[in-house]
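Contents: one structure, followed by commentary.
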Amino acid sequence: MSGLTEEFIHRKSSQEITSLLYEAAIHNINEAIAAIQMKDYMEANRNLQKTNDILYRLGAGLNYEAGIISDQLDALYNYLAEQVIEANLKNKLNP
């Protein structure tokens with residue numbers, strides 16, 4: 001998400017920002033996979049850390065007044081974060 005200006009972000013709806021975060025998380029995961037395959041564990045670590053940061057931001061942005069979907073998304077983001085941490089620790093594609 002580097003290169004995005006603050007003005008650009010402020011003009012986006014919360015749904016658009018969420019979509020941008022999802023796209024960035026997918027991009028970082030794909031970069032981490034490629035780095036692990038090439039045994040570039042430092043690069044994989046950077047991308048997995050970025051992914052966890054995005055998952056944290058997604059969780060922090062949940063509106064818990066929206067009902068059960070917020071709780072389900074929170075559980076999903078926490079599960080994904082655990083999987084990313086596990087992959088980062090083991091440097092394997094299938095934690």
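Residues are referred to by chain and number: the chain letter is A, B, ... according to the order shown in the structure tokens, the number counts from 1 in that chain, and ligands are numbered separately from 1 in the order shown.
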Spatial neighbours of Ala24 (chain A), max dist 9 Å, only C-alpha atoms, sep filter under 5 positions, as a compact mmCIF listing (two decimals) with all heavy atoms, in the first residue's frame:
```txt
# COMPACT_ATOMS: atom_id res chain seq x y z
N MET A 1 0.82 -1.18 0.00
CA MET A 1 0.00 0.00 0.00
C MET A 1 0.86 1.25 0.00
O MET A 1 0.34 2.33 0.10
CB MET A 1 -0.93 0.00 1.20
CG MET A 1 -1.97 -1.07 1.13
SD MET A 1 -3.60 -0.75 1.74
CE MET A 1 -3.70 0.91 2.18
N SER A 19 -11.26 -3.23 0.93
CA SER A 19 -10.87 -3.92 -0.30
C SER A 19 -9.39 -3.71 -0.61
O SER A 19 -8.68 -4.67 -0.98
CB SER A 19 -11.73 -3.43 -1.48
OG SER A 19 -11.35 -4.06 -2.67
N ILE A 29 1.11 -11.92 0.78
CA ILE A 29 1.17 -13.37 0.95
C ILE A 29 1.81 -14.01 -0.27
O ILE A 29 2.67 -14.89 -0.16
CB ILE A 29 -0.24 -13.96 1.20
CG1 ILE A 29 -0.72 -13.62 2.61
CG2 ILE A 29 -0.27 -15.47 0.96
CD1 ILE A 29 0.01 -14.33 3.73
N LYS A 50 4.09 -7.65 7.14
CA LYS A 50 3.15 -6.69 6.53
C LYS A 50 1.74 -7.26 6.51
O LYS A 50 0.77 -6.55 6.79
CB LYS A 50 3.58 -6.36 5.09
CG LYS A 50 4.80 -5.49 4.98
CD LYS A 50 5.13 -5.25 3.51
CE LYS A 50 6.43 -4.53 3.31
NZ LYS A 50 6.73 -4.36 1.87
N THR A 51 1.64 -8.55 6.21
CA THR A 51 0.33 -9.20 6.19
C THR A 51 -0.30 -9.16 7.57
O THR A 51 -1.49 -8.85 7.71
CB THR A 51 0.46 -10.65 5.70
OG1 THR A 51 1.03 -10.64 4.39
CG2 THR A 51 -0.90 -11.34 5.66
N ILE A 54 -1.65 -5.79 8.35
CA ILE A 54 -2.92 -5.56 7.65
C ILE A 54 -4.05 -6.27 8.39
O ILE A 54 -5.13 -5.69 8.59
CB ILE A 54 -2.82 -6.03 6.19
CG1 ILE A 54 -1.89 -5.10 5.41
CG2 ILE A 54 -4.21 -6.08 5.55
CD1 ILE A 54 -1.49 -5.61 4.05
```
As a PyMOL selection string, please: every residue in chain A that a backbone DSSP assignment puts in alpha helix (DSSP H). chain A and resi 6-10+14-37+41-60+68-90
CA of Gly59 (chain A) to CA of Ala75 (chain A) measures 9.0 Å
Using only C-alpha atoms, I'd like a table of the residues in region 1-46 of chain A that come within 10 Å of region 81-88 of chain A; for each, show the closest atom pair and its distance in Å rounded to one decimal, ordered by chain and ascending number, as a tab-separated table.
```
residue	atom	partner	partner_atom	distance
A:Ile29	CA	A:Val84	CA	8.7
A:Ala32	CA	A:Asn88	CA	9.1
A:Ile33	CA	A:Ala87	CA	9.7
A:Ile36	CA	A:Asn88	CA	9.4
A:Tyr41	CA	A:Asn88	CA	8.5
A:Met42	CA	A:Asn88	CA	9.9
A:Ala44	CA	A:Asn88	CA	7.4
A:Asn45	CA	A:Asn88	CA	6.1
A:Arg46	CA	A:Asn88	CA	9.5
```
Once you have the residues from the selection above, write them out as an mmCIF file, in the first residue's frame, restricted to C-alpha atoms.
```cif
data_model
loop_
_atom_site.group_PDB
_atom_site.id
_atom_site.type_symbol
_atom_site.label_atom_id
_atom_site.label_comp_id
_atom_site.auth_asym_id
_atom_site.auth_seq_id
_atom_site.Cartn_x
_atom_site.Cartn_y
_atom_site.Cartn_z
ATOM 1 C CA ILE A 29 1.169 -13.369 0.953
ATOM 2 C CA ALA A 32 6.052 -14.272 0.864
ATOM 3 C CA ILE A 33 5.260 -17.560 -0.898
ATOM 4 C CA ILE A 36 9.964 -18.928 0.743
ATOM 5 C CA TYR A 41 13.520 -15.949 4.396
ATOM 6 C CA MET A 42 14.272 -12.304 5.211
ATOM 7 C CA ALA A 44 9.359 -13.694 3.366
ATOM 8 C CA ASN A 45 9.517 -12.379 6.921
ATOM 9 C CA ARG A 46 9.005 -8.781 5.756
#
```
My list of candidates is A:Leu20, A:Ala35, A:Gln15, A:Leu89. Which is closest to Asn47 (chain A) when distances are computed with only C-alpha atoms?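 Of A:Leu20, A:Ala35, A:Gln15, A:Leu89, the one nearest Asn47 (chain A), counting only C-alpha atoms, is A:Ala35.
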Compare A:Glu31, A:Met38, A:Gly61, A:Tyr56 by their minimum atom-to-atom distance to Ile17 (chain A), counting only C-alpha atoms, and give me the closest one.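 Ranked by minimum distance to Ile17 (chain A), first place goes to A:Gly61.
A straight line drawn from CA of Asp40 (chain A) to CA of Tyr77 (chain A) is 25.8 Å long.
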